[in-house]
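Asker: For reference, this is data-v3.txt, and it has compact mmCIF, C-alpha atoms and all ligand atoms.
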# COMPACT_ATOMS: atom_id res chain seq x y z
CA MET A 190 -29.26 -34.19 -10.93
CA SER A 191 -30.33 -35.25 -14.37
CA SER A 192 -33.94 -35.45 -13.40
CA ALA A 193 -36.72 -35.33 -15.90
CA ASP A 194 -38.86 -33.72 -13.25
CA ALA A 195 -41.33 -31.47 -15.00
CA HIS A 196 -42.07 -29.17 -12.10
CA LEU A 197 -40.56 -26.19 -10.52
CA HIS A 198 -40.17 -26.57 -6.78
CA ARG A 199 -40.25 -23.65 -4.43
CA ALA A 200 -37.19 -23.46 -2.23
CA ALA A 201 -37.59 -23.57 1.54
CA SER A 202 -36.80 -19.89 1.79
CA GLU A 203 -38.79 -16.78 2.51
CA VAL A 204 -37.35 -15.13 -0.58
CA PRO A 205 -39.17 -16.87 -3.46
CA TYR A 206 -36.84 -19.05 -5.49
CA PHE A 207 -38.02 -21.79 -7.84
CA SER A 208 -36.07 -24.55 -9.52
CA ALA A 209 -36.60 -27.84 -11.29
CA ASP A 210 -33.10 -29.18 -10.76
CA GLY A 211 -31.35 -27.44 -7.89
CA GLU A 212 -28.89 -25.77 -10.25
CA THR A 213 -30.66 -22.87 -11.91
CA TYR A 214 -33.35 -20.82 -10.22
CA LEU A 215 -36.09 -18.48 -11.20
CA ALA A 216 -36.28 -15.48 -8.97
CA ARG A 217 -38.38 -12.36 -8.71
CA THR A 218 -35.23 -10.31 -8.89
CA ARG A 219 -31.90 -11.05 -10.53
CA LEU A 220 -29.15 -11.55 -7.98
CA ARG A 221 -27.33 -8.58 -9.43
CA ASP A 222 -30.33 -6.38 -8.68
CA LEU A 223 -31.27 -7.90 -5.32
CA HIS A 224 -32.00 -5.57 -2.42
CA LYS A 225 -30.76 -7.17 0.74
CA THR A 226 -33.26 -7.89 3.50
CA ARG A 227 -30.71 -9.50 5.82
CA PRO A 228 -27.56 -7.93 7.24
CA LEU A 229 -24.37 -8.86 5.46
CA ARG A 230 -22.44 -11.53 7.32
CA VAL A 231 -19.18 -11.83 5.44
CA PHE A 232 -19.02 -9.15 2.80
CA SER A 233 -18.53 -5.47 3.37
CA PRO A 234 -21.00 -3.23 1.53
CA GLU A 235 -18.22 -2.50 -0.95
CA GLN A 236 -17.58 -6.19 -1.59
CA TYR A 237 -21.28 -6.82 -2.04
CA ALA A 238 -21.50 -3.91 -4.49
CA PHE A 239 -18.54 -5.36 -6.38
CA TRP A 240 -20.33 -8.73 -6.59
CA GLN A 241 -23.44 -7.15 -7.99
CA THR A 242 -21.52 -4.98 -10.44
CA TYR A 243 -18.90 -7.40 -11.76
CA GLY A 244 -20.42 -10.83 -11.09
CA TYR A 245 -17.78 -12.27 -8.77
CA VAL A 246 -16.30 -11.75 -5.35
CA VAL A 247 -13.49 -13.27 -3.29
CA VAL A 248 -13.80 -14.31 0.35
CA PRO A 249 -10.28 -14.33 1.80
CA GLU A 250 -9.50 -17.40 3.90
CA ALA A 251 -13.00 -18.83 3.71
CA VAL A 252 -11.27 -21.96 4.98
CA SER A 253 -7.90 -22.03 6.67
CA PRO A 254 -4.78 -22.33 4.52
CA ASP A 255 -3.89 -25.44 6.53
CA HIS A 256 -7.18 -27.06 5.58
CA ALA A 257 -6.61 -26.13 1.95
CA ARG A 258 -3.17 -27.72 2.13
CA GLU A 259 -4.66 -30.94 3.53
CA LEU A 260 -7.12 -31.02 0.64
CA LEU A 261 -4.32 -30.47 -1.82
CA ASP A 262 -2.36 -33.38 -0.36
CA PHE A 263 -5.50 -35.48 -0.53
CA ALA A 264 -6.03 -34.60 -4.21
CA TRP A 265 -2.54 -35.78 -5.11
CA ASP A 266 -2.90 -38.91 -3.05
CA PHE A 267 -6.38 -39.79 -4.33
CA GLN A 268 -5.07 -39.89 -7.86
CA GLY A 269 -1.90 -41.72 -7.01
CA LEU A 270 0.23 -38.83 -8.27
CA ASP A 271 3.45 -37.74 -6.67
CA PRO A 272 3.77 -33.94 -6.48
CA ALA A 273 7.55 -34.28 -6.45
CA ARG A 274 7.73 -36.50 -9.55
CA PRO A 275 6.15 -34.81 -12.61
CA GLU A 276 6.59 -37.96 -14.68
CA THR A 277 3.75 -39.51 -12.63
CA TRP A 278 1.37 -36.76 -13.77
CA TYR A 279 1.42 -37.88 -17.40
CA GLU A 280 1.44 -41.65 -17.25
CA GLU A 281 -0.39 -43.34 -20.07
CA ARG A 282 -3.82 -44.58 -19.18
CA THR A 283 -6.92 -45.78 -20.93
CA PHE A 284 -10.10 -43.73 -20.89
CA ARG A 285 -13.66 -44.88 -20.53
CA SER A 286 -14.91 -42.33 -23.03
CA ASP A 287 -14.04 -39.07 -24.77
CA LEU A 288 -15.54 -37.29 -21.80
CA ASP A 289 -13.25 -39.20 -19.44
CA ARG A 290 -10.29 -38.09 -21.52
CA GLU A 291 -11.40 -34.46 -21.46
CA LEU A 292 -11.85 -34.57 -17.72
CA HIS A 293 -8.31 -35.85 -17.36
CA ILE A 294 -7.01 -32.97 -19.46
CA TYR A 295 -8.95 -30.51 -17.34
CA GLY A 296 -7.57 -32.15 -14.19
CA PHE A 297 -10.69 -33.39 -12.47
CA VAL A 298 -10.35 -35.43 -9.31
CA GLU A 299 -13.24 -37.83 -8.86
CA ALA A 300 -13.70 -37.42 -5.12
CA TYR A 301 -16.96 -36.06 -3.77
CA HIS A 302 -17.51 -37.10 -0.19
CA HIS A 303 -14.25 -37.29 1.71
CA GLN A 304 -14.38 -35.73 5.16
CA LEU A 305 -12.08 -32.92 4.02
CA LEU A 306 -14.48 -31.90 1.25
CA TRP A 307 -17.35 -31.91 3.68
CA ASP A 308 -15.37 -29.88 6.21
CA SER A 309 -15.16 -27.12 3.61
CA ARG A 310 -18.87 -27.40 2.89
CA GLN A 311 -19.87 -27.13 6.52
CA SER A 312 -17.54 -24.24 7.23
CA ARG A 313 -19.55 -21.41 8.75
CA ARG A 314 -17.71 -18.68 6.85
CA VAL A 315 -18.31 -20.40 3.52
CA TYR A 316 -21.98 -20.83 4.32
CA ASP A 317 -22.37 -17.24 5.49
CA ALA A 318 -20.91 -15.97 2.23
CA PHE A 319 -23.58 -17.77 0.24
CA VAL A 320 -26.27 -16.51 2.62
CA ASP A 321 -25.10 -13.04 1.69
CA VAL A 322 -25.36 -13.81 -2.01
CA TRP A 323 -28.82 -15.39 -1.98
CA ASP A 324 -30.22 -13.33 0.91
CA CYS A 325 -31.61 -16.50 2.47
CA GLU A 326 -30.41 -19.03 5.00
CA GLU A 327 -32.03 -22.18 3.66
CA LEU A 328 -29.35 -23.50 1.34
CA TRP A 329 -28.06 -26.76 -0.08
CA VAL A 330 -24.46 -27.30 -1.02
CA THR A 331 -23.34 -28.75 -4.33
CA LEU A 332 -21.90 -32.25 -4.17
CA ASP A 333 -18.96 -31.53 -6.38
CA ARG A 334 -15.35 -32.56 -6.83
CA LEU A 335 -11.81 -31.27 -6.87
CA ASN A 336 -9.53 -30.07 -9.60
CA LEU A 337 -5.80 -30.61 -9.80
CA ASN A 338 -4.44 -29.32 -13.07
CA PRO A 339 -0.74 -29.88 -13.80
CA PRO A 340 0.89 -28.06 -16.73
CA ASN A 341 -1.19 -28.77 -19.83
CA ILE A 342 1.37 -30.65 -21.85
CA ARG A 343 1.73 -34.22 -23.18
CA ASN A 344 -1.45 -36.21 -22.53
CA ARG A 345 -2.98 -33.22 -20.75
CA ASP A 346 -2.52 -30.85 -23.69
CA ARG A 347 -5.61 -28.75 -24.41
CA ALA A 348 -4.93 -29.18 -28.14
CA LEU A 349 -6.15 -32.77 -27.77
CA ILE A 350 -9.67 -31.42 -27.28
CA GLU A 351 -11.59 -30.85 -30.47
CA HIS A 352 -12.05 -27.19 -31.34
CA ARG A 353 -15.62 -26.05 -31.95
CA GLU A 354 -16.83 -22.81 -33.45
CA ARG A 355 -19.95 -22.39 -31.35
CA GLY A 356 -21.22 -23.33 -27.94
CA PHE A 357 -19.16 -24.28 -24.95
CA ASP A 358 -15.63 -22.90 -24.90
CA ILE A 359 -13.37 -23.75 -21.99
CA ASN A 360 -11.71 -20.35 -22.28
CA LEU A 361 -14.82 -18.20 -22.00
CA HIS A 362 -18.51 -19.02 -21.75
CA TRP A 363 -21.62 -18.54 -19.68
CA ASP A 364 -23.10 -21.32 -17.58
CA VAL A 365 -26.65 -20.28 -18.42
CA ASP A 366 -28.43 -19.47 -21.64
CA THR A 367 -28.06 -15.69 -21.73
CA THR A 368 -30.63 -15.22 -24.48
CA LEU A 369 -33.60 -16.29 -22.39
CA GLY A 370 -36.21 -13.66 -21.65
CA ILE A 371 -36.41 -14.73 -18.03
CA PRO A 372 -32.82 -15.12 -16.93
CA PRO A 373 -32.21 -18.12 -14.69
CA GLN A 374 -30.09 -17.45 -11.62
CA ARG A 375 -27.09 -19.62 -10.91
CA VAL A 376 -24.16 -19.28 -8.55
CA GLN A 377 -20.91 -21.21 -8.53
CA GLY A 378 -17.75 -21.17 -6.50
CA ILE A 379 -14.21 -22.42 -6.10
CA ILE A 380 -11.95 -22.68 -3.09
CA ALA A 381 -8.27 -22.35 -3.93
CA LEU A 382 -6.16 -25.14 -2.49
CA ASN A 383 -2.90 -23.41 -3.26
CA ASP A 384 -1.66 -19.95 -4.13
CA THR A 385 -2.16 -19.24 -7.81
CA THR A 386 -0.22 -17.22 -10.31
CA PRO A 387 -1.47 -16.23 -13.77
CA GLU A 388 0.85 -18.83 -15.33
CA HIS A 389 -0.87 -21.63 -13.48
CA GLY A 390 -4.04 -20.78 -15.35
CA GLY A 391 -7.36 -21.45 -13.68
CA PHE A 392 -10.39 -19.26 -13.32
CA GLN A 393 -10.64 -16.24 -15.60
CA CYS A 394 -13.59 -14.01 -16.37
CA CYS A 395 -14.86 -10.95 -18.17
CA PRO A 396 -16.25 -8.60 -15.50
CA GLU A 397 -16.72 -5.63 -17.80
CA LEU A 398 -19.07 -7.67 -19.96
CA PHE A 399 -21.07 -8.54 -16.86
CA ARG A 400 -21.26 -4.89 -15.84
CA THR A 401 -22.48 -3.74 -19.24
CA PHE A 402 -24.36 -6.88 -20.22
CA ASP A 403 -27.84 -5.46 -20.78
CA ARG A 404 -26.60 -2.75 -23.12
CA TRP A 405 -24.19 -5.10 -24.88
CA ALA A 406 -26.84 -7.80 -25.40
CA ALA A 407 -29.30 -5.31 -26.88
CA LEU A 408 -26.83 -4.55 -29.65
CA GLN A 409 -26.09 -8.16 -30.59
CA PRO A 410 -27.63 -10.08 -33.51
CA GLU A 411 -30.61 -12.25 -32.64
CA ASP A 412 -28.76 -15.45 -33.47
CA ARG A 413 -25.83 -14.77 -31.20
CA ASP A 414 -24.33 -17.73 -29.36
CA PRO A 415 -26.27 -18.09 -26.09
CA ILE A 416 -23.32 -19.39 -24.08
CA ARG A 417 -20.17 -18.20 -25.91
CA PRO A 418 -19.61 -14.45 -25.86
CA ALA A 419 -18.10 -12.77 -28.90
CA VAL A 420 -16.36 -9.75 -27.44
CA ASP A 421 -13.37 -7.61 -28.14
CA HIS A 422 -10.98 -8.40 -25.31
CA GLY A 423 -9.44 -4.98 -25.69
CA GLU A 424 -12.72 -3.40 -24.64
CA MET A 425 -13.74 -6.27 -22.39
CA PRO A 426 -10.57 -7.55 -20.71
CA VAL A 427 -10.37 -11.08 -19.39
CA VAL A 428 -8.97 -11.08 -15.88
CA ARG A 429 -7.54 -13.81 -13.68
CA PRO A 430 -8.18 -13.05 -10.02
CA GLU A 431 -5.25 -14.14 -7.90
CA LEU A 432 -6.23 -16.46 -5.11
CA LYS A 433 -4.46 -17.64 -2.00
CA ALA A 434 -4.91 -21.08 -0.48
CA GLY A 435 -8.22 -21.10 1.36
CA ASP A 436 -9.81 -18.22 -0.57
CA LEU A 437 -13.32 -18.73 -1.91
CA LEU A 438 -14.31 -17.15 -5.20
CA ILE A 439 -18.06 -16.97 -5.90
CA PHE A 440 -19.31 -16.12 -9.35
CA ASN A 441 -22.61 -15.47 -11.04
CA GLY A 442 -23.64 -17.83 -13.86
CA HIS A 443 -24.13 -14.75 -16.02
CA LEU A 444 -20.48 -13.87 -15.70
CA ALA A 445 -18.58 -15.05 -18.77
CA HIS A 446 -15.77 -17.20 -17.42
CA GLY A 447 -13.49 -20.07 -18.22
CA VAL A 448 -10.35 -21.88 -17.25
CA ALA A 449 -7.00 -20.84 -18.60
CA PRO A 450 -4.49 -23.61 -19.29
CA ASN A 451 -1.62 -24.18 -16.95
CA THR A 452 1.41 -22.88 -18.81
CA ALA A 453 3.72 -22.81 -15.83
CA GLY A 454 6.74 -24.98 -16.13
CA ARG A 455 6.01 -26.60 -12.83
CA GLY A 456 3.28 -26.92 -10.25
CA ALA A 457 -0.43 -27.64 -10.43
CA ARG A 458 -3.48 -25.48 -10.01
CA ALA A 459 -5.91 -26.94 -7.49
CA VAL A 460 -9.41 -26.03 -6.30
CA GLN A 461 -12.47 -27.47 -4.66
CA TYR A 462 -15.70 -26.72 -6.49
CA LEU A 463 -18.30 -25.60 -4.02
CA ALA A 464 -21.47 -23.58 -4.29
CA MET A 465 -24.73 -23.25 -2.40
CA MET A 466 -28.23 -22.74 -3.69
CA PRO A 467 -31.69 -22.39 -2.12
CA ALA A 468 -32.71 -25.76 -0.65
CA LEU A 469 -35.30 -27.64 -2.69
CA GLU A 470 -36.65 -29.63 0.21
CA GLY A 471 -39.89 -30.29 -1.63
CA HIS A 472 -38.05 -32.11 -4.40
CA ALA A 473 -38.18 -35.52 -2.74
CA GLU A 474 -36.32 -37.40 -5.47
CA LEU A 475 -33.48 -34.92 -5.55
CA ARG A 476 -33.21 -34.83 -1.77
CA ARG A 477 -33.14 -38.61 -1.52
CA SER A 478 -30.49 -38.81 -4.22
CA ARG A 479 -28.29 -36.35 -2.35
CA VAL A 480 -28.61 -38.13 0.97
CA ASP A 481 -27.92 -41.52 -0.59
CA SER A 482 -24.88 -40.18 -2.40
CA TRP A 483 -23.41 -38.94 0.87
CA HIS A 484 -24.32 -42.03 2.86
CA ASP A 485 -23.22 -44.61 0.31
CA ASN A 486 -20.24 -42.65 -1.02
CA THR A 487 -21.59 -42.90 -4.52
CA THR A 488 -20.97 -40.46 -7.33
CA PRO A 489 -23.66 -37.78 -7.38
CA THR A 490 -26.09 -37.93 -10.27
CA TRP A 491 -26.93 -34.27 -10.72
CA ASN A 492 -24.67 -33.88 -13.70
CA ALA A 493 -23.73 -36.37 -16.41
CA THR A 494 -20.09 -35.29 -16.39
CA LEU A 495 -19.55 -36.68 -12.90
CA LEU A 496 -17.99 -40.06 -13.58
CA GLY A 497 -16.44 -41.32 -10.37
CA ASP A 498 -12.98 -42.81 -10.19
CA ALA A 499 -12.41 -45.59 -12.73
CA ASP A 500 -9.98 -47.62 -10.69
CA ARG A 501 -11.00 -47.22 -7.10
CA PRO A 502 -14.25 -45.39 -6.38
CA GLU A 503 -14.64 -43.57 -3.11
CA ALA A 504 -16.86 -46.24 -1.59
CA GLU A 505 -13.87 -48.61 -1.64
CA ARG A 506 -11.66 -46.14 0.16
CA TYR A 507 -13.47 -44.60 3.11
CA GLY A 508 -16.80 -44.32 4.85
CA PRO A 509 -19.30 -41.47 4.95
CA ALA A 510 -18.14 -38.11 6.22
CA GLU A 511 -19.36 -36.94 9.61
CA LEU A 512 -21.74 -34.06 9.32
CA THR A 513 -22.41 -31.25 11.71
CA GLU A 514 -25.95 -30.00 12.14
CA LEU A 515 -25.18 -27.36 9.52
CA GLY A 516 -23.79 -30.04 7.23
CA GLU A 517 -26.95 -32.12 7.59
CA LYS A 518 -29.05 -29.14 6.58
CA LEU A 519 -26.79 -28.30 3.67
CA LEU A 520 -27.10 -31.87 2.43
CA GLY A 521 -30.86 -32.19 2.84
CA LEU A 522 -30.70 -34.78 5.60
CA ARG A 523 -32.15 -32.35 8.12
CA PRO A 524 -34.82 -29.80 7.19
CA TRP A 525 -34.05 -26.16 7.72
CA HIS A 526 -37.20 -25.61 9.73
CA PRO A 527 -38.62 -27.93 12.37
CA ALA A 528 -41.62 -29.73 10.97
CA PRO A 529 -44.98 -29.83 12.69
CA ALA A 530 -45.93 -33.34 13.78
CA THR A 531 -47.50 -34.64 10.61
CA GLY A 532 -46.93 -38.36 10.78
CA PRO A 533 -44.31 -41.05 10.94
CA GLU A 534 -42.52 -40.31 7.69
CA THR A 535 -38.78 -40.39 8.02
CA ALA A 536 -36.16 -39.50 5.52
CA HIS A 537 -34.15 -42.36 4.12
CA THR A 538 -30.64 -42.37 5.39
CA GLY A 539 -29.58 -45.72 4.10
CA SER A 540 -28.57 -46.69 7.61
CA GLY A 541 -31.99 -47.10 9.08
CA ALA A 542 -31.34 -44.21 11.42
CA ALA A 543 -34.39 -42.10 11.92
CA VAL A 544 -34.07 -38.48 11.10
CA GLU A 545 -36.52 -35.73 11.55
CA PRO A 546 -39.69 -35.96 9.54
CA ASP A 547 -39.47 -34.14 6.32
CA ALA A 548 -40.60 -30.56 6.32
CA ALA A 549 -44.34 -30.28 6.16
CA ARG A 550 -43.85 -28.07 3.17
CA ALA A 551 -42.65 -31.01 1.11
CA ASP A 552 -44.30 -30.81 -2.28
CA SER A 553 -46.36 -27.86 -1.18
CA GLY A 554 -44.20 -25.54 -3.18
CA VAL A 555 -44.41 -27.39 -6.45
CA VAL A 556 -45.42 -25.23 -9.33
CA PRO A 557 -46.28 -26.88 -12.64
CA VAL A 558 -44.19 -25.56 -15.47
CA GLU A 559 -46.38 -23.79 -17.96
CA SER A 560 -45.41 -24.85 -21.41
CA GLY A 561 -44.02 -22.06 -23.46
CA VAL A 562 -43.38 -19.91 -20.45
CA VAL A 563 -40.57 -21.40 -18.47
CA PRO A 564 -39.54 -24.83 -19.63
CA ALA A 565 -38.00 -27.01 -17.00
CA GLU A 566 -34.23 -26.77 -17.04
CA SER A 567 -34.61 -23.97 -19.48
CA GLY A 568 -31.55 -22.20 -18.31
CA VAL A 569 -29.25 -25.15 -17.97
CA VAL A 570 -26.53 -25.35 -20.52
CA PRO A 571 -26.87 -28.88 -21.85
CA VAL A 572 -24.12 -31.08 -20.58
CA GLU A 573 -21.67 -31.88 -23.33
CA SER A 574 -23.71 -29.84 -25.73
CA GLU A 575 -21.67 -28.28 -28.47
CA GLY A 576 -18.57 -29.13 -26.59
CA GLY A 577 -17.09 -29.95 -23.27
CA PRO A 578 -18.75 -30.30 -19.95
CA CYS A 579 -20.11 -27.18 -18.39
CA VAL A 580 -18.92 -28.14 -14.97
CA ALA A 581 -15.42 -28.48 -16.31
CA SER A 582 -15.31 -24.79 -16.71
CA ARG A 583 -14.57 -23.29 -13.39
FE FE A 601 -18.58 -22.80 -16.60
Have the structure of the file written as C-alpha cells, please.
Answerer:
Amino acid sequence: MSSADAHLHRAASEVPYFSADGETYLARTRLRDLHKTRPLRVFSPEQYAFWQTYGYVVVPEAVSPDHARELLDFAWDFQGLDPARPETWYEERTFRSDLDRELHIYGFVEAYHHQLLWDSRQSRRVYDAFVDVWDCEELWVTLDRLNLNPPNIRNRDRALIEHRERGFDINLHWDVDTTLGIPPQRVQGIIALNDTTPEHGGFQCCPELFRTFDRWAALQPEDRDPIRPAVDHGEMPVVRPELKAGDLLIFNGHLAHGVAPNTAGRGARAVQYLAMMPALEGHAELRRSRVDSWHDNTTPTWNATLLGDADRPEAERYGPAELTELGEKLLGLRPWHPAPATGPETAHTGSGAAVEPDAARADSGVVPVESGVVPAESGVVPVESEGGPCVASR
C-alpha cells in the first residue's frame, strides 16, 4: 500500500516485527540468523538451513498440479489469449503508460481476487511454509497477481525497455536497499503454474552472493548501487531453480534475483506471486484497504505498479472469492486472536456483515518512527525508481 503512514506498527505476533507498510519489516534478528522457537511444519532441518544459507527454498507441490493447471488456464483466458495460437500473444494494443507497456513485456496478468488465486493463498501447506520462515503464525498474504510470459519477441521484446546503468535491473537486483545499517526483512514467493525449463526464463538468483554477503559488502565501495549487485558471475553464479507446476519458491529480499527472458521457441512461463508477512492488524488503514479490495474486487493499492485490467477489470467479471477461516485471517478480515469485549466496533466488510471486533491490540503496537533512525519505508525500493517496477522482478 502506498501509504504515507509515518509510524511503524507492531505485528500481531509474539516475535517482534515492525512495519510501516506491510512489505518490509524491522526485526530483532535477520531471518537468515533466526533461531526457531516453533517446530518446523513443512521444511526439513536441511531445507531450513538451505533457506538461511542461500536465501531461497522450494516447497514441492505446495498446491496441487491440477490446481496450478486451472490457474494457468485462467491466466490465458483472463487475457483473451489462446495458448494454441501464438499469434494472439502479440496482437497490437495501446498502452495506458510506459509502465503499462513494461508490464505487458514482463507478462503481468491483472487478476488479483479470483477464487483460484485465493485458493492458493488459503492453502494450508503454503501458509505453513511461511510460518516456518517467519517463526510466527499471525500472517497476512500479499494481494498480488499472476504472470504469464510468452517468448520475449515482437512487442514483448525486452529490448523495448530502456537500459539503465544503475538501479533496478530486471536480470538481477535486490528488493531492499542493501546498504542500510538496519537491514529491513522482506520475503517474497512464486508458485509455478507449469513446469519450467531454463529456456523459458523466469526466476533466477545469486545464492552464493547471499551466502557471503556480509564479507562481500564490507569490501565494496561506499557508493555501490544499493539494489543492483556488481558481481563476477564466474565467482557468483546465477542459477535458475527448476520448478514443477504447483511448487512454491520462497526467497529473501536480500537475495539478488531477477527474471530471465523467455527464449524458448514456444510456450509461456507462468506463476502466481504469493508471499506472507506478519499481520499488521494495528494498521487500520491498511487493513481496511485490503478487506475492501477483496470485497469489491478492486485492484490493491499497496504498490503503484498494480494497474488492473484496462479493458475489463475483475469487478466486471466475477464476485468476491469465498474465504475459509484461514483466508479471512490472512486477509485481515478476521483477527488472529479473539478480542476481549471492548465495544461495538466492527470491521468494514463493504457488505454490512458484522465481523468480529477488531483485535484489542489495534493501534497499541504503533511505534513512532524516530527521524534519522529508521525512516518509514526506509527499506522499500522505490517503485519505478531508476527503472522498472520492483514487483515485476520475480
Ligand atoms: Fe524483485
Asker: Enter the distance from atom CA of Arg417 of chain A to atom CA of Trp363 of chain A, in Å, rounded to one decimal.
Answerer: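 Atom CA of Trp363 of chain A lies at a distance of 6.4 Å from atom CA of Arg417 of chain A.
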Asker: Neighbours of segment 450-453 of chain A within 7 Å (only C-alpha atoms; same-chain residues fewer than 5 positions away dropped), as a compact mmCIF listing (two decimals) with C-alpha atoms, in the frame of the given file?
Answerer:
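Writing done, so here's out.txt:
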# COMPACT_ATOMS: atom_id res chain seq x y z
CA PRO A 339 -0.74 -29.88 -13.80
CA PRO A 340 0.89 -28.06 -16.73
CA ASN A 341 -1.19 -28.77 -19.83
CA GLU A 388 0.85 -18.83 -15.33
CA HIS A 389 -0.87 -21.63 -13.48
CA GLY A 390 -4.04 -20.78 -15.35
CA GLY A 391 -7.36 -21.45 -13.68
Asker: So how far away is atom CA of Ser309 of chain A from atom CA of Asp266 of chain A, in Å?
Answerer: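 Computed distance, atom CA of Asp266 of chain A to atom CA of Ser309 of chain A, equals 18.3 Å.
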Asker: Write out as a PDB file with C-alpha atoms, keeping the file's coordinate frame which residues come within 10 Å of Ala419 of chain A when counting all atoms listed in the file, dropping same-chain ones fewer than 3 positions away.
Answerer:
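Final output, saved to result34.pdb:
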ATOM      1  CA  LEU A 361     -14.820 -18.200 -22.000  1.00  0.00           C
ATOM      2  CA  HIS A 362     -18.510 -19.020 -21.750  1.00  0.00           C
ATOM      3  CA  GLN A 409     -26.090  -8.160 -30.590  1.00  0.00           C
ATOM      4  CA  ARG A 413     -25.830 -14.770 -31.200  1.00  0.00           C
ATOM      5  CA  ASP A 414     -24.330 -17.730 -29.360  1.00  0.00           C
ATOM      6  CA  ILE A 416     -23.320 -19.390 -24.080  1.00  0.00           C
ATOM      7  CA  HIS A 422     -10.980  -8.400 -25.310  1.00  0.00           C
TER       8      HIS A 422
END
Asker: So, counting only C-alpha atoms and all ligand atoms, which residue among A:Val320, A:Val252, A:Ile359, A:Leu220 is closest to ligand FE 601 (chain A)?
Answerer: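 Of the candidates, the smallest distance to ligand FE 601 (chain A) is held by A:Ile359.
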Asker: So, with only C-alpha atoms as the atoms that count, which of A:Asp255, A:Leu349, A:Gly356, A:Gln374 lies closest to Leu215 of chain A?
Answerer: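 Closest to Leu215 of chain A of all the choices is A:Gln374.
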Asker: Which of these, A:Arg334, A:Arg375, A:Arg501, A:His484, has the shortest distance to ligand FE 601 (chain A) once you count all atoms listed in the file?
Answerer: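 Nearest candidate to ligand FE 601 (chain A) out of A:Arg334, A:Arg375, A:Arg501, A:His484: A:Arg375.
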Asker: What does the distance between atom CA of Ala449 of chain A and atom CA of Phe392 of chain A come to in Å, to one decimal place?
Answerer: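 Here the two named atoms are 6.5 Å from each other.
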Asker: Of the residues A:Thr277, A:Ser478, A:Ser233, A:Gln393, which is the one nearest to ligand FE 601 (chain A), using only C-alpha atoms and all ligand atoms?
Answerer: A:Gln393
Asker: Considering only C-alpha atoms, can you say which of A:Arg258, A:Arg404, A:Arg506, A:Arg353 comes closest to Ala434 of chain A?
Answerer: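 Between A:Arg258, A:Arg404, A:Arg506, A:Arg353, the residue approaching Ala434 of chain A most closely is A:Arg258.
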Asker: Nearest to ligand FE 601 (chain A) among A:Asp358, A:Glu517, A:Glu470, A:Glu503, with distances taken over all atoms listed in the file: which residue is it?
Answerer: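 When distances to ligand FE 601 (chain A) are compared using all atoms listed in the file, the smallest one comes from A:Asp358.
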Asker: Near Glu276 of chain A, counting only C-alpha atoms, which residues have an atom at most 12 Å away, once you skip same-chain residues fewer than 5 positions from it, shown as a PyMOL selection string?
Answerer: chain A and resi 270-271+281+339-340+342-344+455
Asker: Which neighbours of Trp240 of chain A fall inside 8 Å, counting only C-alpha atoms, when residues of the same chain fewer than 6 positions from it are skipped, and could you give them as a PyMOL selection string?
Answerer: chain A and resi 221+246+440
Asker: Which residues are close to Trp323 of chain A, i.e. within 12 Å by all atoms listed in the file, leaving aside same-chain residues fewer than 6 positions away? Reply as number ranges by chain.
Answerer: A: 200, 202-206, 214, 216, 218-230, 237, 240-241, 316-317, 329, 374-377, 439, 441, 464-468
